[in-house]
Amino acid sequence: MRLVWDDLRGRSGDRVIGQVARQLRAARDGADLARELAAGRIPSGAARTRMAVIEHGGDAERAALAAMLHGVLATPIDREDLYRLSRSVDDVLDNLRDFVREADLFGPPELGFAVPPLDAVLEGLTALDTAVRKVLAEPAAVTIAALGARKAGNRVRENRQAALARLFAGPLDIDVLRRRELLDRLDAVGRRLGEAADALSDAMLKRSH
């Protein structure tokens, strides 16, 4: 009954956008933790344990969004695009989880090479959060903010390429292989971030027609 009443009073849009923002917050928490690990401020085992909690929370927020979308009559953007956005944000967090887990398993001597791409991930998630929060209040500005998230995803790839060039300039040993695998994982994070930005941009294009 509350969901129907919120629909009638025009509040369901606020609730849906707020729930998407909470899922994004979980992804941001995961990126913050991964960067702390890369910067050497938390041991890999402790990071892996904390990431499991963060990822569980992100899954719960995604499930809450799915339940909410099932119950409301109207949504601020197309339901299919909301599901796409939510799935891509979930994929961002899943790949960040895998990065932390693989860093713990592979045990490279240091992870400083991962700091620049993770900085780009954090910038992208911030831009995506800004875009989501503008859907109702400032819809004309959403696409520009989402483009910032897409560009940040591209910077993840550029940072990966630069790091690989430095790695391959030296001796090829097992540590190079470990770092390459971790850089590839971060590249996946950047791609999923771009997909989330595209889902939101597509949704706003549909809304404008």
# chains A, B, ... in the order shown; residues from 1 in each chain; ligands from 1
>>> residues_around(residues="region 62-71 of chain A", least_positions_apart="4", cutoff="12 Å", atoms="only C-alpha atoms", output="number ranges by chain")
A: 1-7, 12-27, 55-58, 75-91, 93
>>> residues_around(residues="Leu105 (chain A)", least_positions_apart="3", cutoff="12 Å", atoms="only C-alpha atoms", output="list in words")
Ser44, Gly45, Ala47, Arg48, Asp98, Phe99, Val100, Arg101, Glu102, Pro108, Pro109, Arg178, Glu181 and Leu182 of chain A
>>> closest_residue(among="A:Asp175, A:Glu138, A:Glu36, A:Asp129", to="Leu200 (chain A)", atoms="only C-alpha atoms")
A:Asp129
>>> residues_around(residues="Pro139 (chain A)", least_positions_apart="5", cutoff="9 Å", atoms="only C-alpha atoms", output="PyMOL selection string")
chain A and resi 131+134+204
>>> atom_distance(atom1="CA of Asp184 (chain A)", atom2="CA of Val132 (chain A)")
27.5 Å
>>> residues_around(residues="Val176 (chain A)", least_positions_apart="5", cutoff="12 Å", atoms="only C-alpha atoms", output="list of chain:residue names")
A:Phe106, A:Gly107, A:Pro108, A:Pro109, A:Glu110, A:Leu111, A:Phe113, A:Ala163, A:Leu164, A:Ala165, A:Arg166, A:Leu167, A:Phe168, A:Ala169, A:Gly170, A:Pro171, A:Glu181, A:Leu182, A:Leu183
>>> write_last_selection(atoms="C-alpha atoms", output="PDB file, in the first residue's frame")
ATOM      1  CA  PHE A 106      48.830 -13.864  -6.366  1.00  0.00           C
ATOM      2  CA  GLY A 107      50.791 -11.933  -3.742  1.00  0.00           C
ATOM      3  CA  PRO A 108      52.700  -9.434  -5.922  1.00  0.00           C
ATOM      4  CA  PRO A 109      55.430  -7.572  -3.998  1.00  0.00           C
ATOM      5  CA  GLU A 110      53.521  -4.290  -4.294  1.00  0.00           C
ATOM      6  CA  LEU A 111      50.384  -2.920  -5.942  1.00  0.00           C
ATOM      7  CA  PHE A 113      50.787   0.113 -10.348  1.00  0.00           C
ATOM      8  CA  ALA A 163      51.370   0.200 -16.935  1.00  0.00           C
ATOM      9  CA  LEU A 164      51.703  -2.757 -19.302  1.00  0.00           C
ATOM     10  CA  ALA A 165      54.165  -0.825 -21.462  1.00  0.00           C
ATOM     11  CA  ARG A 166      56.336  -0.230 -18.409  1.00  0.00           C
ATOM     12  CA  LEU A 167      56.093  -3.867 -17.361  1.00  0.00           C
ATOM     13  CA  PHE A 168      57.024  -5.220 -20.771  1.00  0.00           C
ATOM     14  CA  ALA A 169      60.010  -2.896 -21.000  1.00  0.00           C
ATOM     15  CA  GLY A 170      61.734  -4.934 -18.288  1.00  0.00           C
ATOM     16  CA  PRO A 171      62.501  -8.607 -17.761  1.00  0.00           C
ATOM     17  CA  GLU A 181      46.312 -10.355 -14.637  1.00  0.00           C
ATOM     18  CA  LEU A 182      45.456  -7.730 -12.035  1.00  0.00           C
ATOM     19  CA  LEU A 183      45.571  -4.935 -14.603  1.00  0.00           C
TER      20      LEU A 183
END
>>> atom_distance(atom1="CA of Val189 (chain A)", atom2="CA of Val135 (chain A)")
23.7 Å
>>> residues_around(residues="region 142-155 of chain A", least_positions_apart="3", cutoff="9 Å", atoms="only C-alpha atoms", output="ChimeraX atom specification")
/A:116-117,120-135,138-139,158-160,187,189-198,200-202,204-205
>>> atom_distance(atom1="CA of Val53 (chain A)", atom2="CA of Gly112 (chain A)")
24.1 Å
>>> closest_residue(among="A:Leu136, A:Ala141, A:Ala203, A:Ala114", to="Arg180 (chain A)", atoms="only C-alpha atoms")
A:Ala114
>>> closest_residue(among="A:Arg50, A:Arg28, A:Arg185, A:Arg11", to="Leu73 (chain A)", atoms="only C-alpha atoms")
A:Arg11
>>> decode(residues="region 182-202 of chain A", atoms="C-alpha atoms", output="short mmCIF file (atom, residue, chain, number, x, y, z; two decimals), in the first residue's frame")
data_model
loop_
_atom_site.label_atom_id
_atom_site.label_comp_id
_atom_site.auth_asym_id
_atom_site.auth_seq_id
_atom_site.Cartn_x
_atom_site.Cartn_y
_atom_site.Cartn_z
CA LEU A 182 45.46 -7.73 -12.04
CA LEU A 183 45.57 -4.94 -14.60
CA ASP A 184 43.24 -6.95 -16.83
CA ARG A 185 40.83 -7.25 -13.91
CA LEU A 186 40.82 -3.48 -13.48
CA ASP A 187 40.25 -3.08 -17.21
CA ALA A 188 37.08 -5.15 -16.73
CA VAL A 189 36.01 -2.76 -13.97
CA GLY A 190 36.45 0.16 -16.37
CA ARG A 191 34.40 -1.56 -19.08
CA ARG A 192 31.54 -2.28 -16.70
CA LEU A 193 31.65 1.32 -15.52
CA GLY A 194 31.29 2.47 -19.11
CA GLU A 195 28.34 0.14 -19.60
CA ALA A 196 26.62 1.62 -16.54
CA ALA A 197 27.11 5.12 -17.94
CA ASP A 198 25.72 4.00 -21.31
CA ALA A 199 22.64 2.47 -19.66
CA LEU A 200 21.86 5.75 -17.94
CA SER A 201 22.48 7.81 -21.09
CA ASP A 202 20.22 5.51 -23.12
#
